[in-house]
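Trainee: What follows is target-v2.txt, compact mmCIF, C-alpha atoms.
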# COMPACT_ATOMS: atom_id res chain seq x y z
CA MET J 1 127.20 145.77 11.18
CA SER J 2 125.48 145.17 14.53
CA ILE J 3 127.20 145.88 17.83
CA LYS J 4 127.05 143.06 20.37
CA THR J 5 125.62 144.15 23.71
CA PRO J 6 127.91 143.35 26.65
CA GLN J 7 126.46 140.87 29.15
CA ALA J 8 126.55 141.13 32.95
CA VAL J 9 129.60 139.64 34.62
CA ARG J 10 128.95 136.14 36.01
CA GLY J 11 128.10 136.29 39.70
CA THR J 12 126.68 139.82 39.57
CA GLN J 13 123.04 140.82 39.50
CA ASP J 14 120.79 143.64 38.39
CA ILE J 15 118.15 144.11 41.08
CA PHE J 16 114.80 145.54 39.99
CA GLY J 17 111.12 145.61 40.87
CA ALA J 18 109.86 143.46 43.73
CA GLU J 19 113.34 142.08 44.43
CA ALA J 20 114.69 145.61 44.79
CA GLU J 21 111.82 146.45 47.14
CA ALA J 22 112.64 143.41 49.31
CA PHE J 23 116.32 144.46 49.30
CA ALA J 24 115.37 148.00 50.35
CA HIS J 25 113.04 146.63 53.04
CA VAL J 26 115.92 144.67 54.61
CA VAL J 27 118.22 147.71 54.58
CA GLY J 28 115.53 150.04 55.88
CA THR J 29 114.64 147.69 58.74
CA PHE J 30 118.33 147.30 59.62
CA GLU J 31 118.80 151.07 59.70
CA ARG J 32 115.80 151.48 61.99
CA VAL J 33 116.88 148.70 64.38
CA ARG J 34 120.51 149.84 64.59
CA ARG J 35 119.28 153.30 65.65
CA LEU J 36 117.19 151.68 68.40
CA TYR J 37 120.39 150.10 69.73
CA ARG J 38 122.42 153.32 69.30
CA PHE J 39 124.90 151.92 66.77
CA ARG J 40 126.67 154.65 64.78
CA ARG J 41 126.49 154.47 61.00
CA ILE J 42 129.85 154.28 59.20
CA GLU J 43 130.84 154.13 55.54
CA MET J 44 133.93 152.13 54.57
CA PRO J 45 136.15 152.07 51.45
CA VAL J 46 135.27 149.41 48.89
CA PHE J 47 138.98 148.54 48.55
CA GLU J 48 141.87 148.37 51.02
CA ARG J 49 145.53 147.47 50.92
CA THR J 50 145.70 143.71 50.41
CA GLU J 51 147.57 143.22 53.69
CA VAL J 52 144.49 144.38 55.64
CA PHE J 53 142.77 141.14 54.64
CA SER J 54 145.73 138.79 54.24
CA ARG J 55 147.02 139.57 57.74
CA SER J 56 143.65 139.53 59.46
CA LEU J 57 141.97 136.63 57.65
CA GLY J 58 145.14 134.54 57.32
CA GLU J 59 146.98 133.37 54.23
CA THR J 60 145.64 129.79 54.62
CA THR J 61 141.97 130.71 54.41
CA ASP J 62 140.03 130.11 51.20
CA VAL J 63 139.03 133.78 51.12
CA VAL J 64 142.65 134.94 50.91
CA SER J 65 144.12 132.07 48.89
CA LYS J 66 141.30 131.60 46.36
CA GLU J 67 138.52 134.19 46.53
CA MET J 68 139.90 137.75 46.81
CA TYR J 69 139.75 140.21 43.94
CA SER J 70 143.25 141.69 44.22
CA PHE J 71 145.08 143.91 41.75
CA ASN J 72 148.05 146.26 41.50
CA ASP J 73 147.13 149.90 40.96
CA ARG J 74 149.14 152.34 38.85
CA GLY J 75 151.47 152.94 41.79
CA ASP J 76 152.16 149.18 41.84
CA GLU J 77 150.48 148.83 45.24
CA SER J 78 148.47 145.67 45.86
CA LEU J 79 144.84 146.51 46.58
CA THR J 80 141.86 144.22 47.23
CA LEU J 81 138.12 144.70 46.83
CA ARG J 82 136.78 144.07 50.32
CA PRO J 83 135.64 140.44 50.84
CA GLU J 84 134.19 141.30 54.28
CA PHE J 85 133.73 144.33 56.56
CA THR J 86 135.43 143.48 59.85
CA ALA J 87 139.09 143.80 58.83
CA GLY J 88 138.53 147.21 57.23
CA ILE J 89 136.63 148.41 60.29
CA GLY J 90 139.50 147.20 62.47
CA ARG J 91 141.97 149.10 60.29
CA ALA J 92 139.85 152.27 60.58
CA TYR J 93 139.60 151.87 64.34
CA LEU J 94 143.41 151.87 64.57
CA THR J 95 144.16 154.58 61.99
CA ASP J 96 141.28 157.07 62.39
CA GLY J 97 141.37 157.69 66.13
CA TRP J 98 138.14 155.81 66.85
CA LYS J 99 139.66 154.44 70.09
CA GLN J 100 138.41 157.58 71.88
CA TYR J 101 134.82 156.33 71.46
CA VAL J 102 135.32 152.97 73.23
CA PRO J 103 133.14 151.02 73.55
CA LEU J 104 132.51 151.77 69.88
CA LYS J 105 129.21 150.51 68.44
CA VAL J 106 129.14 150.80 64.64
CA ALA J 107 127.04 149.47 61.77
CA THR J 108 127.26 149.58 58.00
CA HIS J 109 126.04 147.89 54.84
CA GLY J 110 127.15 147.64 51.22
CA PRO J 111 128.72 145.46 48.52
CA LEU J 112 131.46 142.87 49.07
CA PHE J 113 133.41 140.82 46.54
CA ARG J 114 134.53 137.18 46.47
CA TYR J 115 135.50 135.05 43.51
CA GLU J 116 133.54 131.90 44.32
CA ARG J 117 131.06 129.65 42.55
CA PRO J 118 127.73 131.48 42.22
CA GLN J 119 124.75 129.61 43.68
CA LYS J 120 121.33 130.30 45.17
CA GLY J 121 121.61 133.43 47.29
CA ARG J 122 125.39 133.68 46.77
CA TYR J 123 127.08 136.02 44.29
CA ARG J 124 130.56 137.31 43.46
CA GLN J 125 129.37 140.81 44.20
CA PHE J 126 127.03 140.48 47.14
CA HIS J 127 125.76 142.75 49.89
CA GLN J 128 125.85 142.54 53.67
CA ILE J 129 124.65 144.37 56.72
CA ASP J 130 127.23 144.47 59.52
CA ALA J 131 127.31 145.44 63.22
CA GLU J 132 130.35 145.56 65.52
CA VAL J 133 131.14 146.45 69.13
CA ILE J 134 134.84 147.28 69.59
CA GLY J 135 136.58 147.75 72.93
CA ALA J 136 134.03 145.94 75.11
CA ALA J 137 135.31 142.85 76.91
CA GLU J 138 132.09 142.25 78.84
CA PRO J 139 129.70 139.45 77.80
CA GLN J 140 126.90 142.02 77.80
CA ALA J 141 128.26 143.30 74.47
CA ASP J 142 127.67 139.84 72.98
CA VAL J 143 124.17 139.80 74.44
CA GLU J 144 123.32 143.21 72.99
CA LEU J 145 124.53 142.28 69.52
CA LEU J 146 122.59 139.02 69.57
CA ALA J 147 119.45 140.75 70.86
CA MET J 148 119.81 143.29 68.05
CA ALA J 149 120.12 140.52 65.45
CA ASP J 150 117.15 138.67 66.93
CA GLN J 151 114.99 141.81 66.86
CA LEU J 152 116.03 142.52 63.26
CA LEU J 153 114.93 139.06 62.12
CA LYS J 154 111.65 139.39 64.03
CA GLU J 155 110.90 142.80 62.51
CA LEU J 156 111.67 141.40 59.06
CA GLY J 157 109.04 138.74 59.81
CA ILE J 158 111.38 135.77 59.28
CA ALA J 159 112.36 134.78 62.84
CA GLY J 160 109.84 131.94 62.91
CA GLY J 161 111.93 129.81 60.56
CA VAL J 162 115.31 130.74 62.03
CA THR J 163 117.26 129.21 64.95
CA LEU J 164 120.16 130.80 66.86
CA ASN J 165 123.01 128.31 67.18
CA LEU J 166 125.46 129.27 69.91
CA ASN J 167 128.85 127.98 71.05
CA THR J 168 131.90 129.05 73.01
CA LEU J 169 135.47 128.81 71.72
CA GLY J 170 136.88 129.63 75.17
CA ASP J 171 139.57 132.13 76.08
CA GLY J 172 143.12 132.03 74.70
CA ALA J 173 144.35 129.32 77.09
CA SER J 174 141.27 127.15 76.53
CA ARG J 175 141.57 127.44 72.78
CA ASP J 176 145.32 126.64 72.78
CA ALA J 177 144.75 123.49 74.82
CA TRP J 178 141.87 122.44 72.56
CA ARG J 179 143.93 123.14 69.45
CA ALA J 180 146.79 120.94 70.70
CA ALA J 181 144.36 118.09 71.42
CA LEU J 182 142.84 118.41 67.95
CA VAL J 183 146.26 118.29 66.29
CA GLU J 184 147.11 115.12 68.21
CA HIS J 185 143.74 113.56 67.33
CA PHE J 186 143.93 114.28 63.60
CA ARG J 187 147.61 113.40 63.26
CA GLY J 188 146.68 109.81 64.03
CA VAL J 189 144.45 109.66 60.95
CA ARG J 190 146.28 112.15 58.76
CA ALA J 191 146.61 109.85 55.76
CA ASP J 192 142.84 109.35 55.65
CA LEU J 193 141.95 113.04 55.76
CA SER J 194 141.10 115.11 52.69
CA GLU J 195 143.95 116.98 51.02
CA ASP J 196 142.67 120.33 52.33
CA SER J 197 142.47 119.05 55.89
CA GLN J 198 145.96 117.54 55.71
CA GLU J 199 147.22 120.99 54.76
CA ARG J 200 145.25 122.65 57.56
CA LEU J 201 146.30 120.19 60.25
CA GLU J 202 149.35 122.10 61.48
CA LYS J 203 148.28 125.63 60.48
CA ASN J 204 144.58 125.75 61.29
CA PRO J 205 143.21 122.48 62.75
CA LEU J 206 139.90 124.00 63.88
CA ARG J 207 138.94 124.40 60.24
CA ILE J 208 138.91 120.61 59.88
CA LEU J 209 135.88 120.59 62.19
CA ASP J 210 134.08 122.69 59.58
CA SER J 211 134.93 120.39 56.67
CA LYS J 212 132.07 119.14 54.51
CA ASP J 213 134.23 116.36 52.97
CA GLU J 214 132.93 112.91 53.95
CA ARG J 215 136.52 111.69 54.40
CA ASP J 216 136.86 114.15 57.29
CA ARG J 217 133.39 113.95 58.82
CA ARG J 218 133.87 110.46 60.29
CA PHE J 219 136.92 111.65 62.24
CA VAL J 220 135.33 114.93 63.30
CA ALA J 221 132.51 113.08 65.08
CA ASP J 222 134.82 111.78 67.85
CA ALA J 223 137.25 114.75 67.93
CA PRO J 224 137.93 116.44 71.31
CA GLN J 225 135.23 118.95 72.35
CA ILE J 226 135.93 122.48 73.58
CA ASP J 227 134.05 121.83 76.84
CA GLN J 228 136.85 119.51 77.95
CA PHE J 229 139.30 122.44 77.95
CA LEU J 230 137.28 125.45 79.12
CA SER J 231 138.85 127.46 81.92
CA ALA J 232 136.68 128.64 84.80
CA GLU J 233 136.78 132.17 83.34
CA ALA J 234 135.62 130.92 79.95
CA GLN J 235 132.78 128.95 81.52
CA ASP J 236 131.68 132.03 83.47
CA PHE J 237 131.77 134.17 80.30
CA PHE J 238 129.57 131.76 78.36
CA ALA J 239 127.18 131.44 81.28
CA ALA J 240 126.86 135.24 81.39
CA VAL J 241 126.08 135.34 77.64
CA THR J 242 123.44 132.60 77.82
CA GLY J 243 121.94 134.12 80.96
CA GLY J 244 121.75 137.51 79.30
CA LEU J 245 120.04 136.03 76.24
CA ASP J 246 117.48 134.32 78.48
CA ALA J 247 116.83 137.63 80.26
CA ALA J 248 116.40 139.41 76.92
CA GLY J 249 113.98 136.77 75.66
CA VAL J 250 116.29 135.53 72.88
CA ALA J 251 115.88 131.81 72.19
CA TRP J 252 119.11 129.87 71.51
CA THR J 253 120.38 126.35 70.95
CA ARG J 254 123.83 125.08 71.95
CA ASN J 255 125.79 123.76 68.99
CA ALA J 256 129.14 122.39 70.18
CA ALA J 257 130.18 121.77 66.55
CA LEU J 258 130.03 125.45 65.64
CA VAL J 259 133.61 126.74 65.27
CA ARG J 260 135.64 129.60 63.84
CA GLY J 261 138.93 128.60 62.28
CA LEU J 262 140.76 131.90 62.64
CA ASP J 263 143.00 132.18 65.67
CA TYR J 264 141.76 135.61 66.72
CA TYR J 265 138.26 134.33 67.57
CA ARG J 266 137.47 133.88 71.28
CA HIS J 267 134.49 132.96 73.41
CA THR J 268 131.14 133.43 71.66
CA ALA J 269 130.48 132.07 68.16
CA PHE J 270 126.98 132.09 66.71
CA GLU J 271 124.87 131.58 63.62
CA PHE J 272 121.20 132.17 62.88
CA VAL J 273 120.31 129.29 60.56
CA THR J 274 117.30 128.27 58.48
CA ASP J 275 116.31 125.25 56.41
CA ARG J 276 114.42 127.43 53.93
CA LEU J 277 117.43 128.22 51.68
CA GLY J 278 118.70 124.75 50.90
CA ALA J 279 122.13 123.58 52.04
CA GLN J 280 123.46 127.09 52.63
CA GLY J 281 121.40 127.72 55.75
CA THR J 282 123.19 130.54 57.58
CA VAL J 283 121.42 133.90 57.33
CA LEU J 284 123.42 135.81 59.98
CA GLY J 285 126.62 134.89 61.78
CA GLY J 286 129.46 136.23 63.85
CA GLY J 287 131.38 135.99 67.08
CA ARG J 288 133.92 137.53 69.40
CA TYR J 289 137.29 138.30 67.78
CA ASP J 290 139.47 139.56 70.62
CA GLY J 291 142.71 138.92 68.75
CA LEU J 292 142.04 140.73 65.45
CA MET J 293 143.56 144.13 66.25
CA GLU J 294 146.92 142.59 67.11
CA SER J 295 147.10 141.01 63.64
CA LEU J 296 146.76 144.54 62.23
CA GLY J 297 149.56 145.93 64.43
CA GLY J 298 147.32 147.38 67.14
CA PRO J 299 147.03 146.69 70.87
CA GLN J 300 145.00 143.78 72.23
CA THR J 301 141.40 144.97 71.83
CA PRO J 302 138.24 142.99 72.64
CA ALA J 303 135.56 143.05 69.95
CA VAL J 304 132.47 141.20 68.79
CA GLY J 305 130.38 141.49 65.64
CA TRP J 306 128.09 139.90 63.08
CA ALA J 307 127.20 140.15 59.42
CA ALA J 308 124.28 138.98 57.28
CA GLY J 309 123.74 138.69 53.55
CA ILE J 310 121.10 141.13 52.32
CA GLU J 311 120.21 138.92 49.33
CA ARG J 312 119.60 135.94 51.59
CA LEU J 313 117.47 137.92 54.01
CA ALA J 314 115.51 139.38 51.09
CA MET J 315 114.84 135.85 49.79
CA LEU J 316 113.35 134.92 53.16
CA VAL J 317 111.32 138.13 53.33
CA GLY J 318 109.84 137.45 49.90
CA THR J 319 108.57 140.04 47.45
CA PRO J 320 106.39 142.64 49.18
CA ALA J 321 103.54 144.14 47.20
CA GLU J 322 104.41 147.56 45.85
CA ALA J 323 102.45 150.24 47.70
CA PRO J 324 100.12 152.28 45.43
CA ALA J 325 100.62 156.00 45.04
CA GLN J 326 98.63 158.01 47.56
CA ALA J 327 97.66 160.48 44.86
CA ALA J 328 97.63 160.81 41.08
CA VAL J 329 97.28 164.13 39.29
CA VAL J 330 95.76 163.57 35.84
CA VAL J 331 96.23 166.33 33.25
CA GLU J 332 93.40 165.84 30.73
CA ASP J 333 94.09 169.17 29.00
CA ASP J 334 97.72 169.74 27.96
CA ALA J 335 97.28 173.48 28.48
CA LEU J 336 97.06 172.72 32.24
CA LEU J 337 100.37 170.81 32.45
CA ALA J 338 102.10 173.57 34.44
CA GLN J 339 99.25 173.59 36.96
CA GLY J 340 99.40 169.78 37.24
CA THR J 341 103.16 169.93 37.78
CA ALA J 342 102.68 172.47 40.58
CA MET J 343 100.01 170.29 42.19
CA VAL J 344 102.05 167.09 42.20
CA ALA J 345 105.07 168.99 43.55
CA ALA J 346 102.97 170.38 46.43
CA ILE J 347 101.59 166.92 47.23
CA ARG J 348 105.09 165.41 47.42
CA ARG J 349 106.40 168.27 49.57
CA ALA J 350 103.60 167.52 52.01
CA GLY J 351 104.89 163.95 52.38
CA PHE J 352 102.46 162.06 50.14
CA SER J 353 103.58 159.77 47.30
CA ALA J 354 102.23 161.01 43.99
CA GLU J 355 102.35 160.46 40.24
CA LEU J 356 101.69 162.85 37.37
CA VAL J 357 99.71 161.31 34.49
CA ALA J 358 100.15 163.55 31.47
CA SER J 359 101.09 161.31 28.54
CA GLY J 360 99.12 159.26 26.06
CA SER J 361 95.64 160.02 24.81
CA PRO J 362 94.09 162.82 26.94
CA ARG J 363 90.77 160.98 26.93
CA LYS J 364 92.33 157.81 28.36
CA ARG J 365 94.57 159.36 31.00
CA PHE J 366 91.96 159.17 33.77
CA ASP J 367 91.34 155.47 33.07
CA LYS J 368 95.10 154.90 33.05
CA ALA J 369 95.38 156.52 36.49
CA VAL J 370 92.51 154.41 37.84
CA LYS J 371 94.22 151.20 36.64
CA GLY J 372 97.44 152.40 38.30
CA GLY J 373 95.72 152.00 41.66
CA ALA J 374 96.36 155.45 43.18
CA LEU J 375 94.36 155.95 46.37
CA THR J 376 93.15 159.42 45.31
CA LEU J 377 92.78 161.04 41.90
CA PHE J 378 92.81 164.71 40.90
CA ALA J 379 91.84 165.25 37.25
CA LEU J 380 92.50 168.64 35.62
CA SER J 381 90.46 169.71 32.59
CA GLY J 382 88.98 172.89 31.15
CA GLU J 383 85.93 172.27 33.33
CA GLY J 384 87.98 172.38 36.56
CA VAL J 385 89.20 169.68 38.98
CA ARG J 386 87.32 166.48 39.70
CA THR J 387 88.37 164.01 42.37
CA LYS J 388 87.98 160.36 43.27
CA GLY J 389 89.06 158.26 46.26
CA ASP J 390 88.95 157.98 50.03
CA ALA J 391 87.25 161.10 51.46
CA ASP J 392 89.65 161.57 54.41
CA LEU J 393 92.75 161.18 52.25
CA LEU J 394 91.28 163.46 49.59
CA ALA J 395 90.82 166.11 52.26
CA GLN J 396 94.41 165.75 53.51
CA VAL J 397 95.94 165.83 50.03
CA GLY J 398 93.61 168.62 48.96
CA GLN J 399 94.85 170.70 51.90
CA ALA J 400 98.42 170.14 50.72
CA ILE J 401 97.51 171.33 47.23
CA GLY J 402 96.11 174.57 48.62
CA GLY J 403 95.95 177.34 46.04
CA THR J 404 97.52 175.32 43.21
CA ALA J 405 94.24 173.60 42.26
Any chance you could give the structure as structure tokens?
Mentor:
Amino acid sequence: MSIKTPQAVRGTQDIFGAEAEAFAHVVGTFERVRRLYRFRRIEMPVFERTEVFSRSLGETTDVVSKEMYSFNDRGDESLTLRPEFTAGIGRAYLTDGWKQYVPLKVATHGPLFRYERPQKGRYRQFHQIDAEVIGAAEPQADVELLAMADQLLKELGIAGGVTLNLNTLGDGASRDAWRAALVEHFRGVRADLSEDSQERLEKNPLRILDSKDERDRRFVADAPQIDQFLSAEAQDFFAAVTGGLDAAGVAWTRNAALVRGLDYYRHTAFEFVTDRLGAQGTVLGGGRYDGLMESLGGPQTPAVGWAAGIERLAMLVGTPAEAPAQAAVVVEDDALLAQGTAMVAAIRRAGFSAELVASGSPRKRFDKAVKGGALTLFALSGEGVRTKGDADLLAQVGQAIGGTA
């Protein structure tokens, strides 16, 4: 009787080889850039109390109503696998005493979970990099985050095909006035809207502007624009952000249609978009969310942040060629295995990548190492050590080996 091998869960992935190298390249570049900008690394729980996300994201959002992986634990407490980072970081800011570090600049990366239809570059377990500035009301915080994102994309080598779309959602008063005008506009055509937009009309009208349904798009085109309702303060804030981006050398394009449906978003909203990934073109996005902490029971706290999918960035980066080992130690006589092990250990301790070739036919091991592409070779036999490769590198690695050869 044969045992059936379990298959991977739909929407998950096993990452290996060149794809794993591209994934690691994205993470490594992010870690290097976030240190340049002095963002502190944090690690967050993979699951939180469900209310962390339902209260911050809103019960009417698709994430909360349709996409969260929620379950009751053995203590009958409702927990949820994190669908995004920001709400959990906000919870930690309020509960872990992080307020003493304001303005707090933090960054993290890891897996997230959403039950949605898998498609190109989108999975049910996916991975993001994330950067947040909490406690900074100044537009310079927005500028710094956007400059950091821009530099990350440039250092990944993908900025050429990516455009920064930028918009303002105004301050609280501007947004409230705009929201009221949108409700009035869409009420007049309510019967012709999609079912989802009819439901959102009273609760979250800004989300109608984001609708992809053709029944909604024709009414979105002539909907009131945020610029009609911007206060002088909101105009000054946006001008400071765009001026800062110009000073930092970050190219941007105004996109008045770019919105965020959640009520806690204020001022800056942005997306870095590309046409190289099909219809799902956003590779990095975020905005200012000055009202989030209040939804979690905290004081009014300004904040701004962004997130980007690692899988999507890795797809744009492509599959980098795997670097060859800097050295290979070939044991052609099994009696010298201990010496070969000592040599390869010394090479690695000195900071060089190395492989030990000590399996298969002893006569073919050297040829195997040559085909493996190592930059230098050290072959051990009863006749001593013979070498092959770049003379300078051989000298450096040979110095690391020292008395083990």
Trainee: Would you please work out which residue, of J:Val46, J:Val259, J:Val27, J:Ala131, is nearest to J:Ala147 when using all atoms listed in the file?
Mentor: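 Among J:Val46, J:Val259, J:Val27, J:Ala131, it is J:Ala131 that comes nearest to J:Ala147.
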Trainee: Hey, could you make a per-residue contact list for stretch 211-329 of chain J against stretch 178-192 of chain J with 12 Å as the cut-off, showing the nearest pair of atoms and its distance in Å to one decimal, counting all atoms listed in the file, sorted by chain and number, as CSV?
Mentor:
residue,atom,partner,partner_atom,distance
J:Asp213,CA,J:Asp192,CA,11.4
J:Glu214,CA,J:Asp192,CA,10.7
J:Arg215,CA,J:Asp192,CA,6.9
J:Asp216,CA,J:Asp192,CA,7.8
J:Arg217,CA,J:Asp192,CA,11.0
J:Arg218,CA,J:Asp192,CA,10.2
J:Phe219,CA,J:Phe186,CA,7.6
J:Val220,CA,J:Phe186,CA,8.6
J:Ala221,CA,J:His185,CA,11.5
J:Asp222,CA,J:His185,CA,9.1
J:Ala223,CA,J:His185,CA,6.6
J:Pro224,CA,J:Leu182,CA,6.3
J:Gln225,CA,J:Trp178,CA,7.5
J:Ile226,CA,J:Trp178,CA,6.0
J:Asp227,CA,J:Trp178,CA,8.9
J:Gln228,CA,J:Trp178,CA,7.9
J:Phe229,CA,J:Trp178,CA,6.0
J:Leu230,CA,J:Trp178,CA,8.6
J:Ser231,CA,J:Trp178,CA,11.0
J:Val259,CA,J:Arg179,CA,11.7
J:Arg260,CA,J:Arg179,CA,11.9
J:Gly261,CA,J:Arg179,CA,10.3
J:Leu262,CA,J:Arg179,CA,11.5
J:Asp263,CA,J:Arg179,CA,9.8
Trainee: I'd like the box whose edges run along x, y and z of the file and which contains every listed atom of stretch 177-186 of chain J, padded by 3 Å per side; could you state its centre and edge lengths in Å, one decimal, as lines of an AutoDock Vina configuration file?
Mentor:
center_x = 144.5
center_y = 118.5
center_z = 69.2
size_x = 11.2
size_y = 15.9
size_z = 17.2
Trainee: Got a sec: who's within 8 Å of J:Asp210, counting all atoms listed in the file, leaving out chain neighbours fewer than 3 positions off, as a PyMOL selection string?
Mentor: chain J and resi 206-207+258-259
Trainee: Just the number, please: distance in Å from atom CA of J:Arg175 to atom CA of J:Asp150, one decimal.
Mentor: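 Interatomic distance here is 27.5 Å.
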Trainee: Can you work out the spacing between atom CA of J:Arg117 and atom CA of J:Arg10 in Å, to one decimal?
Mentor: 9.5 Å
Trainee: Got a sec: who's within 6 Å of stretch 366-382 of chain J, counting only C-alpha atoms, leaving out chain neighbours fewer than 5 positions off, as a ChimeraX atom specification?
Mentor: /J:324-333,387-389
Trainee: Once you have the residues from the selection above, write them out as a short mmCIF file (atom, residue, chain, number, x, y, z; two decimals), in the frame of the given file, restricted to C-alpha atoms.
Mentor:
data_model
loop_
_atom_site.label_atom_id
_atom_site.label_comp_id
_atom_site.auth_asym_id
_atom_site.auth_seq_id
_atom_site.Cartn_x
_atom_site.Cartn_y
_atom_site.Cartn_z
CA PRO J 324 100.12 152.28 45.43
CA ALA J 325 100.62 156.00 45.04
CA GLN J 326 98.63 158.01 47.56
CA ALA J 327 97.66 160.48 44.86
CA ALA J 328 97.63 160.81 41.08
CA VAL J 329 97.28 164.13 39.29
CA VAL J 330 95.76 163.57 35.84
CA VAL J 331 96.23 166.33 33.25
CA GLU J 332 93.40 165.84 30.73
CA ASP J 333 94.09 169.17 29.00
CA THR J 387 88.37 164.01 42.37
CA LYS J 388 87.98 160.36 43.27
CA GLY J 389 89.06 158.26 46.26
#
Trainee: So which residues fall inside 9 Å of (130.7, 140.0, 78.0) if we count all atoms listed in the file? Mind giving them as a list in words?
Mentor: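 Answer for this query, in the requested form: Ala136, Ala137, Glu138, Pro139, Gln140, Ala141, Asp142, Val143, Phe237, Phe238, Ala240 and Val241 of chain J.
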Trainee: Work out how far atom CA of J:Ala256 is from atom CA of J:Glu84, in Å to one decimal.
Mentor: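 These atoms are spaced 25.2 Å apart.
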Trainee: Excluding stretch 290-302 of chain J and residues on its chain fewer than 3 positions from it, collect all residues at most 9 Å away from it, counting all atoms listed in the file, and give them as a list in words.
Mentor: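 After dropping sequence-adjacent residues, the list is Glu51, Val52, Arg55, Ser56, Leu57, Ala87, Gly90, Arg91, Tyr93, Leu94, Val133, Ile134, Gly135, Ala136, Ala137, Glu138, Asp263, Tyr264, Tyr265, Arg266 and His267 of chain J.
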Trainee: Which one of J:Arg276, J:Arg124, J:Arg254, J:Arg363 sits closest to J:Asp334 if you count all atoms listed in the file?
Mentor: J:Arg363
Trainee: Counting only C-alpha atoms, what is within 6 Å of J:Val273, bar same-chain residues fewer than 3 positions away, as a PyMOL selection string?
Mentor: chain J and resi 162-163+281-283
Trainee: Can you build me a table of stretch 131-168 of chain J residues sitting at most 9 Å from stretch 316-322 of chain J, with the closest atom pair per residue and its distance in Å to one decimal, using all atoms listed in the file, sorted by chain and residue number, as a Markdown table?
Mentor:
| residue | atom | partner | partner_atom | distance |
| --- | --- | --- | --- | --- |
| J:Leu156 | CA | J:Val317 | CA | 6.6 |
| J:Gly157 | CA | J:Val317 | CA | 6.9 |
| J:Ile158 | CA | J:Val317 | CA | 6.4 |
Trainee: What would the file look like if the residues just selected were written as a tab-separated table (two decimals), in the coordinates of the input with C-alpha atoms?
Mentor:
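Written file, again-v3.tsv:
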chain	number	residue	atom	x	y	z
J	156	LEU	CA	111.67	141.40	59.06
J	157	GLY	CA	109.04	138.74	59.81
J	158	ILE	CA	111.38	135.77	59.28
Trainee: Quick one: residues within 8 Å of J:Ala307, all atoms listed in the file, excluding same-chain residues fewer than 2 positions away - as a PyMOL selection string?
Mentor: chain J and resi 128-131+284-286+305+309
Trainee: Closest to J:Leu337 among J:Pro362, J:Gly97, J:Pro118, J:Gly172, using all atoms listed in the file?
Mentor: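 Between J:Pro362, J:Gly97, J:Pro118, J:Gly172, the residue approaching J:Leu337 most closely is J:Pro362.
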Trainee: Find, counting only C-alpha atoms, the residue in J:Gln339, J:Ala232, J:Pro205, J:Phe352 that gets nearest to J:Leu393.
Mentor: J:Phe352
